[in-house]
>>> print(open('model.cif').read())   # mmCIF, C-alpha atoms and all ligand atoms
data_upload
#
loop_
_atom_site.label_atom_id
_atom_site.label_comp_id
_atom_site.auth_asym_id
_atom_site.auth_seq_id
_atom_site.Cartn_x
_atom_site.Cartn_y
_atom_site.Cartn_z
CA MET A 275 7.34 -7.33 16.58
CA ASP A 276 4.29 -5.50 17.97
CA ILE A 277 1.81 -7.78 19.70
CA TYR A 278 -1.05 -6.13 17.85
CA TYR A 279 -1.49 -3.78 14.92
CA LYS A 280 -2.18 -0.32 16.29
CA TYR A 281 -4.34 2.15 14.35
CA SER A 282 -1.85 4.92 15.11
CA ASP A 283 0.82 2.92 13.23
CA TYR A 284 -1.56 2.38 10.34
CA LEU A 285 -2.25 6.14 10.10
CA LYS A 286 1.42 7.03 10.32
CA ASN A 287 2.27 4.64 7.49
CA LYS A 288 -0.57 5.84 5.31
CA PHE A 289 -0.30 9.61 5.87
CA ASN A 290 3.38 9.88 6.90
CA GLU A 291 2.54 11.58 10.19
CA LYS A 292 0.20 11.48 13.15
CA VAL A 293 -3.45 12.08 12.23
CA TYR A 294 -6.22 13.08 14.65
CA LYS A 295 -9.97 12.54 14.60
CA LEU A 296 -12.30 15.54 14.77
CA PRO A 297 -15.74 14.35 16.00
CA ILE A 298 -18.82 15.77 14.25
CA ASN A 299 -22.29 15.62 15.70
CA LEU A 300 -25.15 15.99 13.18
CA PRO A 301 -28.75 16.87 14.14
CA ILE A 302 -29.97 13.38 13.23
CA THR A 303 -31.29 10.25 14.93
CA CYS A 304 -31.30 6.50 14.34
CA PRO A 305 -33.99 4.19 12.88
CA ASN A 306 -33.79 2.09 16.02
CA ARG A 307 -34.84 5.08 18.12
CA ASN A 308 -37.29 7.06 15.99
CA GLY A 309 -39.76 4.25 15.34
CA CYS A 310 -38.57 3.26 11.87
CA ILE A 311 -37.38 -0.03 13.38
CA SER A 312 -38.17 0.53 17.04
CA PHE A 313 -38.60 3.32 19.58
CA GLY A 314 -36.47 1.75 22.26
CA GLY A 315 -33.08 1.71 20.57
CA CYS A 316 -30.36 -0.76 21.47
CA THR A 317 -30.89 -1.65 25.13
CA TYR A 318 -27.52 -0.15 26.16
CA CYS A 319 -27.84 3.11 24.19
CA GLY A 320 -28.29 6.30 26.22
CA GLU A 321 -29.88 9.57 25.17
CA ASP A 322 -26.57 10.98 23.88
CA ALA A 323 -25.83 7.74 21.94
CA ALA A 324 -22.03 7.83 21.34
CA GLY A 325 -21.71 11.60 21.50
CA PHE A 326 -20.25 12.08 24.99
CA GLU A 327 -17.27 14.03 23.71
CA CYS A 328 -19.01 15.81 20.83
CA LEU A 329 -19.89 19.48 20.44
CA PRO A 330 -23.63 20.32 20.15
CA SER A 331 -25.26 19.40 16.86
CA SER A 332 -26.64 22.96 16.62
CA LEU A 333 -23.17 24.04 15.46
CA SER A 334 -22.45 23.67 11.76
CA VAL A 335 -20.07 20.96 10.55
CA LYS A 336 -17.43 23.60 9.80
CA GLU A 337 -17.79 25.24 13.21
CA GLN A 338 -17.35 21.87 14.94
CA ILE A 339 -14.31 21.06 12.82
CA LEU A 340 -12.68 24.43 13.48
CA LYS A 341 -13.32 24.37 17.23
CA ASN A 342 -12.00 20.83 17.70
CA LYS A 343 -9.11 21.41 15.34
CA GLU A 344 -7.98 24.54 17.15
CA TYR A 345 -7.64 22.63 20.42
CA ILE A 346 -5.90 19.55 18.97
CA GLU A 347 -3.61 21.64 16.75
CA LYS A 348 -2.34 23.58 19.75
CA LYS A 349 -1.96 20.55 21.99
CA TYR A 350 -0.27 18.16 19.54
CA LYS A 351 0.94 20.41 16.72
CA ALA A 352 -1.25 18.30 14.44
CA LYS A 353 -1.52 19.06 10.72
CA LYS A 354 -3.70 16.29 9.29
CA PHE A 355 -7.16 15.32 10.48
CA ILE A 356 -10.01 12.86 10.06
CA ALA A 357 -13.55 14.26 9.89
CA TYR A 358 -15.41 11.78 12.05
CA PHE A 359 -19.20 11.70 11.73
CA GLN A 360 -19.56 9.93 15.04
CA ASN A 361 -22.93 10.15 16.65
CA TYR A 362 -26.16 8.26 15.87
CA THR A 363 -26.66 6.87 12.33
CA ASN A 364 -24.93 9.19 9.88
CA THR A 365 -26.51 7.74 6.73
CA PHE A 366 -30.04 7.80 8.13
CA LEU A 367 -30.95 11.10 6.50
CA PRO A 368 -32.07 12.23 3.06
CA LEU A 369 -29.36 11.68 0.47
CA GLU A 370 -29.24 15.39 -0.43
CA ASP A 371 -28.62 16.36 3.23
CA PHE A 372 -25.97 13.66 3.48
CA LYS A 373 -24.22 15.06 0.39
CA LYS A 374 -24.32 18.58 1.83
CA TYR A 375 -22.79 17.54 5.18
CA ILE A 376 -20.04 15.44 3.61
CA SER A 377 -19.17 18.15 1.10
CA GLU A 378 -18.52 20.56 3.99
CA VAL A 379 -15.45 18.56 5.05
CA ASN A 380 -13.64 19.12 1.77
CA LEU A 381 -10.89 21.09 3.51
CA PRO A 382 -7.14 21.02 2.80
CA TYR A 383 -6.18 19.43 6.16
CA ILE A 384 -8.84 16.65 6.08
CA VAL A 385 -7.31 13.39 4.82
CA ASP A 386 -10.10 10.96 5.69
CA VAL A 387 -13.84 11.04 6.31
CA SER A 388 -15.04 8.38 8.77
CA ILE A 389 -18.78 7.80 8.78
CA SER A 390 -20.38 5.84 11.57
CA THR A 391 -23.60 3.99 10.71
CA ARG A 392 -25.66 0.82 11.09
CA PRO A 393 -25.33 -2.20 8.78
CA ASP A 394 -28.94 -1.73 7.66
CA CYS A 395 -28.50 1.95 6.78
CA ILE A 396 -26.16 1.89 3.83
CA ASN A 397 -26.90 1.41 0.16
CA GLU A 398 -25.41 2.11 -3.26
CA ASN A 399 -26.89 5.63 -3.54
CA TYR A 400 -24.84 6.80 -0.56
CA LEU A 401 -21.76 4.85 -1.62
CA ASP A 402 -21.91 6.13 -5.22
CA PHE A 403 -21.85 9.70 -3.92
CA LEU A 404 -18.89 8.89 -1.63
CA LYS A 405 -17.04 7.28 -4.53
CA ASP A 406 -17.46 10.47 -6.52
CA PHE A 407 -16.45 12.61 -3.53
CA LYS A 408 -13.31 10.52 -3.03
CA TYR A 409 -12.42 10.76 -6.71
CA LYS A 410 -12.85 14.55 -6.84
CA THR A 411 -11.17 15.40 -3.52
CA GLY A 412 -8.67 12.57 -2.97
CA ILE A 413 -10.02 12.25 0.58
CA ASN A 414 -10.01 8.71 1.94
CA ILE A 415 -13.36 7.17 2.97
CA THR A 416 -13.92 4.92 5.99
CA ILE A 417 -17.30 3.50 6.99
CA GLU A 418 -17.72 2.43 10.61
CA LEU A 419 -20.33 -0.28 11.18
CA GLY A 420 -21.70 -1.27 14.56
CA LEU A 421 -21.86 -5.06 14.72
CA GLN A 422 -21.24 -5.61 18.48
CA THR A 423 -21.41 -9.42 18.23
CA SER A 424 -21.82 -12.12 15.61
CA ASN A 425 -24.27 -13.93 17.89
CA TYR A 426 -27.63 -13.11 16.33
CA HIS A 427 -29.49 -14.36 19.41
CA THR A 428 -27.65 -11.75 21.47
CA LEU A 429 -28.30 -9.12 18.79
CA LYS A 430 -32.00 -9.83 19.26
CA LYS A 431 -31.69 -9.64 23.07
CA ILE A 432 -30.04 -6.21 22.91
CA ASN A 433 -32.62 -5.01 20.35
CA ARG A 434 -30.09 -4.08 17.67
CA GLY A 435 -32.83 -4.30 15.04
CA HIS A 436 -30.56 -6.13 12.59
CA SER A 437 -28.87 -9.52 12.56
CA LEU A 438 -25.58 -10.81 11.24
CA ALA A 439 -26.71 -10.96 7.60
CA GLU A 440 -27.02 -7.17 7.26
CA TYR A 441 -23.47 -6.73 8.51
CA ILE A 442 -22.04 -9.27 6.06
CA PHE A 443 -23.94 -7.73 3.16
CA SER A 444 -22.92 -4.13 3.95
CA ALA A 445 -19.32 -5.05 4.71
CA ASN A 446 -18.98 -6.77 1.32
CA MET A 447 -20.62 -3.81 -0.44
CA ILE A 448 -18.30 -1.27 1.28
CA LYS A 449 -15.25 -3.32 0.29
CA ARG A 450 -16.48 -3.56 -3.31
CA TYR A 451 -16.35 0.26 -3.40
CA ASN A 452 -12.76 0.12 -2.12
CA PHE A 453 -13.63 2.04 1.02
CA GLU A 454 -12.13 1.20 4.37
CA LEU A 455 -14.28 -0.59 6.89
CA CYS A 456 -14.11 -0.33 10.67
CA THR A 457 -16.21 -2.68 12.81
CA HIS A 458 -17.36 -1.98 16.36
CA VAL A 459 -17.59 -4.86 18.84
CA ILE A 460 -18.70 -5.18 22.48
CA LEU A 461 -16.65 -8.07 23.79
CA ASN A 462 -18.46 -8.87 27.02
CA LEU A 463 -22.16 -8.90 26.26
CA PRO A 464 -23.54 -11.06 29.10
CA TRP A 465 -25.25 -13.59 26.81
CA ASP A 466 -22.15 -14.22 24.70
CA THR A 467 -19.59 -16.94 25.31
CA GLN A 468 -15.94 -17.19 24.29
CA LEU A 469 -17.12 -19.14 21.23
CA ASP A 470 -18.95 -15.97 20.11
CA THR A 471 -15.78 -13.94 20.70
CA LYS A 472 -13.84 -16.24 18.35
CA GLU A 473 -16.59 -16.31 15.73
CA THR A 474 -16.89 -12.51 15.75
CA ALA A 475 -13.14 -12.18 15.12
CA LYS A 476 -13.38 -14.76 12.32
CA ILE A 477 -16.32 -13.10 10.56
CA ILE A 478 -14.72 -9.64 10.77
CA SER A 479 -11.54 -11.12 9.26
CA ALA A 480 -13.49 -13.02 6.59
CA VAL A 481 -15.14 -9.82 5.28
CA TYR A 482 -11.77 -8.01 5.23
CA SER A 483 -12.65 -5.29 7.71
CA ASP A 484 -9.68 -2.88 7.84
CA HIS A 485 -10.07 -1.72 11.42
CA VAL A 486 -11.76 -2.76 14.66
CA LYS A 487 -12.93 -0.84 17.71
CA LEU A 488 -13.43 -2.89 20.87
CA HIS A 489 -15.61 -1.80 23.76
CA ALA A 490 -16.49 -3.18 27.17
CA LEU A 491 -20.17 -3.02 27.98
CA TYR A 492 -21.08 -0.07 30.19
CA ILE A 493 -24.46 0.48 31.78
CA LEU A 494 -25.82 3.96 31.21
CA LYS A 495 -28.51 5.35 33.48
CA ASN A 496 -32.10 5.42 32.16
CA THR A 497 -31.59 2.67 29.60
CA LYS A 498 -33.37 -0.66 29.22
CA MET A 499 -30.15 -2.38 30.21
CA ALA A 500 -29.92 -0.29 33.37
CA GLU A 501 -33.36 -1.59 34.32
CA GLN A 502 -32.26 -5.19 33.65
CA TYR A 503 -29.04 -4.62 35.59
CA ILE A 504 -30.90 -3.23 38.63
CA ASN A 505 -33.36 -6.15 38.47
CA LYS A 506 -30.37 -8.55 38.31
CA GLU A 507 -31.57 -10.05 35.02
CA PHE A 508 -27.92 -10.56 34.05
CA GLU A 509 -24.53 -10.30 35.66
CA MET A 510 -21.59 -8.31 34.41
CA LEU A 511 -18.66 -10.52 33.52
CA PRO A 512 -15.51 -9.85 35.59
CA MET A 513 -12.72 -7.68 34.20
CA GLU A 514 -10.42 -10.72 33.94
CA GLU A 515 -12.91 -12.27 31.52
CA TYR A 516 -12.86 -9.11 29.39
CA ILE A 517 -9.08 -9.31 29.25
CA THR A 518 -9.25 -13.01 28.31
CA ARG A 519 -11.77 -12.29 25.55
CA ALA A 520 -9.79 -9.36 24.18
CA ILE A 521 -6.74 -11.62 23.85
CA LEU A 522 -8.77 -14.46 22.33
CA PHE A 523 -10.33 -12.01 19.87
CA LEU A 524 -6.94 -10.67 18.81
CA GLU A 525 -5.50 -14.16 18.40
CA TYR A 526 -8.24 -15.07 15.91
CA LEU A 527 -8.24 -11.72 14.14
CA SER A 528 -6.37 -11.21 10.87
CA PRO A 529 -3.02 -9.48 11.54
CA ASN A 530 -3.89 -7.02 8.73
CA ILE A 531 -6.72 -5.43 10.72
CA SER A 532 -5.71 -2.39 12.75
CA ILE A 533 -7.01 -1.94 16.29
CA GLN A 534 -8.48 1.48 16.91
CA ARG A 535 -9.32 0.73 20.53
CA LEU A 536 -8.96 -2.12 23.03
CA ILE A 537 -11.55 -0.64 25.38
CA GLY A 538 -13.98 2.30 25.32
CA ARG A 539 -15.09 4.71 28.02
CA ALA A 540 -18.22 6.48 29.26
CA PRO A 541 -18.78 9.36 31.70
CA LYS A 542 -19.06 8.05 35.27
CA GLU A 543 -21.84 10.45 36.24
CA LYS A 544 -24.06 9.04 33.47
CA SER A 545 -23.34 5.38 34.22
CA LEU A 546 -24.29 2.70 36.72
CA PHE A 547 -21.33 0.58 35.66
CA VAL A 548 -18.30 1.48 33.63
CA ASN A 549 -15.07 -0.47 33.16
CA TRP A 550 -15.06 -2.07 36.63
CA ASN A 551 -14.21 1.33 38.14
CA THR A 552 -10.82 1.02 36.52
CA SER A 553 -9.33 3.52 34.09
CA TRP A 554 -9.45 2.43 30.44
CA TRP A 555 -5.69 2.78 30.01
CA LYS A 556 -5.02 0.48 32.99
CA ILE A 557 -7.20 -2.22 31.39
CA LYS A 558 -5.45 -1.64 28.06
CA GLU A 559 -2.08 -2.02 29.78
CA ASN A 560 -3.25 -5.21 31.49
CA ILE A 561 -4.31 -6.72 28.15
CA GLU A 562 -0.91 -5.88 26.64
CA LYS A 563 0.97 -7.17 29.69
CA LYS A 564 -0.95 -10.46 29.73
CA MET A 565 -0.32 -10.95 26.01
CA GLY A 566 3.38 -10.53 26.68
CA GLN A 567 3.26 -13.06 29.53
CA LEU A 568 1.39 -15.56 27.37
CA ASN A 569 3.76 -14.94 24.50
CA THR A 570 0.82 -14.40 22.19
CA TYR A 571 -0.05 -11.86 19.48
CA GLN A 572 -2.72 -10.74 17.01
CA GLY A 573 -3.32 -13.33 14.31
CA LYS A 574 -1.66 -16.23 16.17
CA LYS A 575 -4.73 -18.38 15.41
CA PHE A 576 -5.62 -16.77 12.08
CA ASP A 577 -5.38 -20.01 10.11
CA TYR A 578 -8.98 -20.77 9.21
CA LEU A 579 -9.58 -19.06 5.83
CA ASN A 580 -8.68 -20.02 2.29
CA GLY A 581 -9.41 -23.76 2.43
CA SER A 582 -7.68 -24.35 5.75
CA ALA A 583 -8.47 -28.11 5.78
CA LEU A 584 -6.59 -28.52 2.51
CA LYS A 585 -3.35 -27.60 4.28
CA SER A 586 -3.34 -31.01 5.97
CA PHE A 587 -4.61 -32.91 2.93
CA ASN A 588 -2.04 -35.34 1.61
CA HIS A 589 -2.41 -35.60 -2.17
CA ASN A 590 -0.34 -38.78 -2.30
CA GLU A 591 -2.46 -40.79 0.08
CA PRO A 592 -5.61 -42.64 -1.11
CA ILE A 593 -8.90 -41.27 0.32
CA LYS A 594 -10.09 -43.51 3.16
S1 LIG B 601 -27.82 1.90 16.49
FE1 LIG B 601 -26.48 3.28 17.65
S2 LIG B 601 -27.62 5.20 17.93
FE2 LIG B 601 -29.06 3.62 17.27
S3 LIG B 601 -29.97 2.84 19.18
FE3 LIG B 601 -28.26 1.50 18.63
S4 LIG B 601 -26.45 2.31 19.67
FE4 LIG B 601 -28.06 3.91 19.71
#
>>> encode(input="model.cif", output="structure tokens")
Amino acid sequence: MDIYYKYSDYLKNKFNEKVYKLPINLPITCPNRNGCISFGGCTYCGEDAAGFECLPSSLSVKEQILKNKEYIEKKYKAKKFIAYFQNYTNTFLPLEDFKKYISEVNLPYIVDVSISTRPDCINENYLDFLKDFKYKTGINITIELGLQTSNYHTLKKINRGHSLAEYIFSANMIKRYNFELCTHVILNLPWDTQLDTKETAKIISAVYSDHVKLHALYILKNTKMAEQYINKEFEMLPMEEYITRAILFLEYLSPNISIQRLIGRAPKEKSLFVNWNTSWWKIKENIEKKMGQLNTYQGKKFDYLNGSALKSFNHNEPIK
């Protein structure tokens, strides 16, 4: 038995072969950066947002797809791909523009469209269009929501501009449309405790998220968090604590949720702190190794939904 449910296994089962993501960078922004909610953005977000590995947004969607595809096709002999609208908030644009961009990925080798956005930037107008697009093209739809933590006090501290409620609402709405949901989490935000780690796993399981992407906090230069880090307003948790939290998170997470990533990465030259100066794959290996040593696995403590207290309720005994 695998100790956790890998996204690559999920894709292989669903599409019968390996599938690769093609990142797409649109010329858009985010309401937390352009003044709609705030000008500052999330305190950890750098000027490129999540687009470190993306091509310039001046290229058309098709050009980006073809360029990225050419490289991956050659390297891995890949045949099926996911069009991944990765950077900034990909539903924070006029509906007609959104429709135009999404329609451009209706290509024979695209099997899924993954759209990254914020929990407060999705509504039925966008989802109705995607439902229609899915019906007409047969292309799978996945929405990626940034949650980061279930601790709404921490969400306020990092200036996310939304709280937990928006995530729960959007997650339920996305699932009602039968789309897949991927949730992004930062496991070691300095103000969070292990209790928050557990609760985040429980909430993500309770809303039936299909996938999860885990990140360790990195400190990008010229961000609000960089300023706080330099002024020693918080301390980074040690790597061992990240490993402990990743394991705890997986134990509480539903075994049906696939793991897209156990840890993220950021370019060293743009960061003050990234992954304890350790390569991401080494940390991933250490998490897997420790899980083996502890004889634990994803979902080991997934026993809290569906009237869990009733499991120990004895119907034959009088109520005391
Ligand atoms: S929501 Fe995303 S793009 Fe917007 S400020 Fe936060 S991290 Fe950056």
>>> atom_distance(input="model.cif", atom1="CA of Lys343 (chain A)", atom2="CA of Leu419 (chain A)")
24.8 Å
>>> residues_near_point(input="model.cif", point="(-26.3, 12.4, 2.0)", cutoff="12 Å", atoms="all atoms listed in the file", output="ChimeraX atom specification")
/A:300,302,363-378,389,395-404,407
>>> closest_residue(input="model.cif", among="A:Glu327, A:Glu344, A:Glu473, A:Glu418", to="ligand LIG 601 (chain B)", atoms="all atoms listed in the file")
A:Glu418
>>> residues_around(input="model.cif", residues="Ser331 (chain A)", least_positions_apart="2", cutoff="8 Å", atoms="only C-alpha atoms", output="VMD selection string")
chain A and resid 298 to 301 329 333 to 334
>>> write_last_selection(input="model.cif", atoms="C-alpha atoms", output="JSON list (two decimals), keeping the file's coordinate frame")
[["chain", "number", "residue", "atom", "x", "y", "z"],
["A", 298, "ILE", "CA", -18.82, 15.77, 14.25],
["A", 299, "ASN", "CA", -22.29, 15.62, 15.70],
["A", 300, "LEU", "CA", -25.15, 15.99, 13.18],
["A", 301, "PRO", "CA", -28.75, 16.87, 14.14],
["A", 329, "LEU", "CA", -19.89, 19.48, 20.44],
["A", 333, "LEU", "CA", -23.17, 24.04, 15.46],
["A", 334, "SER", "CA", -22.45, 23.67, 11.76]]
>>> residues_near_ligand(input="model.cif", ligand="ligand LIG 601 (chain B)", cutoff="7 Å", atoms="all atoms listed in the file", output="ChimeraX atom specification")
/A:303-307,315-316,319-320,323,361-363,392,434
>>> atom_distance(input="model.cif", atom1="CA of Tyr294 (chain A)", atom2="CA of Ser479 (chain A)")
25.4 Å
>>> residues_near_point(input="model.cif", point="(-30.0, 2.5, 33.0)", cutoff="9 Å", atoms="only C-alpha atoms", output="list in words")
Thr317, Tyr318, Gly320, Ile493, Leu494, Lys495, Asn496, Thr497, Lys498, Met499, Ala500, Glu501, Gln502, Tyr503, Ile504, Lys544, Ser545 and Leu546 of chain A
>>> residues_around(input="model.cif", residues="region 443-459 of chain A", least_positions_apart="3", cutoff="8 Å", atoms="all atoms listed in the file", output="list in words")
Pro393, Asp394, Ile396, Asn397, Leu401, Lys405, Asn414, Ile415, Thr416, Ile417, Glu418, Leu419, Gly420, Leu421, Gln422, Thr423, Ala439, Glu440, Ile478, Val481, Tyr482, Ser483, Asp484, His485, Val486, Lys487, Leu488 and His489 of chain A
>>> build_atoms(input="model.cif", residues="region 517-530 of chain A", atoms="N, CA and C atoms", output="PDB file, in the frame of the given file")
ATOM      1  N   ILE A 517     -10.479  -9.243  29.706  1.00  0.00           N
ATOM      2  CA  ILE A 517      -9.080  -9.310  29.250  1.00  0.00           C
ATOM      3  C   ILE A 517      -8.856 -10.609  28.463  1.00  0.00           C
ATOM      4  N   THR A 518      -9.388 -11.707  28.996  1.00  0.00           N
ATOM      5  CA  THR A 518      -9.250 -13.010  28.310  1.00  0.00           C
ATOM      6  C   THR A 518      -9.883 -12.947  26.921  1.00  0.00           C
ATOM      7  N   ARG A 519     -11.076 -12.347  26.842  1.00  0.00           N
ATOM      8  CA  ARG A 519     -11.770 -12.290  25.550  1.00  0.00           C
ATOM      9  C   ARG A 519     -11.062 -11.364  24.562  1.00  0.00           C
ATOM     10  N   ALA A 520     -10.514 -10.271  25.079  1.00  0.00           N
ATOM     11  CA  ALA A 520      -9.790  -9.360  24.180  1.00  0.00           C
ATOM     12  C   ALA A 520      -8.595 -10.095  23.557  1.00  0.00           C
ATOM     13  N   ILE A 521      -7.910 -10.885  24.363  1.00  0.00           N
ATOM     14  CA  ILE A 521      -6.740 -11.620  23.850  1.00  0.00           C
ATOM     15  C   ILE A 521      -7.183 -12.694  22.851  1.00  0.00           C
ATOM     16  N   LEU A 522      -8.240 -13.418  23.219  1.00  0.00           N
ATOM     17  CA  LEU A 522      -8.770 -14.460  22.330  1.00  0.00           C
ATOM     18  C   LEU A 522      -9.184 -13.844  20.990  1.00  0.00           C
ATOM     19  N   PHE A 523      -9.872 -12.716  21.072  1.00  0.00           N
ATOM     20  CA  PHE A 523     -10.330 -12.010  19.870  1.00  0.00           C
ATOM     21  C   PHE A 523      -9.139 -11.654  18.982  1.00  0.00           C
ATOM     22  N   LEU A 524      -8.111 -11.088  19.596  1.00  0.00           N
ATOM     23  CA  LEU A 524      -6.940 -10.670  18.810  1.00  0.00           C
ATOM     24  C   LEU A 524      -6.227 -11.868  18.197  1.00  0.00           C
ATOM     25  N   GLU A 525      -6.172 -12.969  18.937  1.00  0.00           N
ATOM     26  CA  GLU A 525      -5.500 -14.160  18.400  1.00  0.00           C
ATOM     27  C   GLU A 525      -6.173 -14.660  17.115  1.00  0.00           C
ATOM     28  N   TYR A 526      -7.503 -14.568  17.076  1.00  0.00           N
ATOM     29  CA  TYR A 526      -8.240 -15.070  15.910  1.00  0.00           C
ATOM     30  C   TYR A 526      -8.380 -14.036  14.798  1.00  0.00           C
ATOM     31  N   LEU A 527      -8.043 -12.789  15.116  1.00  0.00           N
ATOM     32  CA  LEU A 527      -8.240 -11.720  14.140  1.00  0.00           C
ATOM     33  C   LEU A 527      -7.086 -11.687  13.125  1.00  0.00           C
ATOM     34  N   SER A 528      -7.426 -11.348  11.883  1.00  0.00           N
ATOM     35  CA  SER A 528      -6.370 -11.210  10.870  1.00  0.00           C
ATOM     36  C   SER A 528      -5.335 -10.171  11.328  1.00  0.00           C
ATOM     37  N   PRO A 529      -4.053 -10.451  11.142  1.00  0.00           N
ATOM     38  CA  PRO A 529      -3.020  -9.480  11.540  1.00  0.00           C
ATOM     39  C   PRO A 529      -3.046  -8.209  10.702  1.00  0.00           C
ATOM     40  N   ASN A 530      -3.813  -8.218   9.596  1.00  0.00           N
ATOM     41  CA  ASN A 530      -3.890  -7.020   8.730  1.00  0.00           C
ATOM     42  C   ASN A 530      -4.912  -6.001   9.210  1.00  0.00           C
TER      43      ASN A 530
END
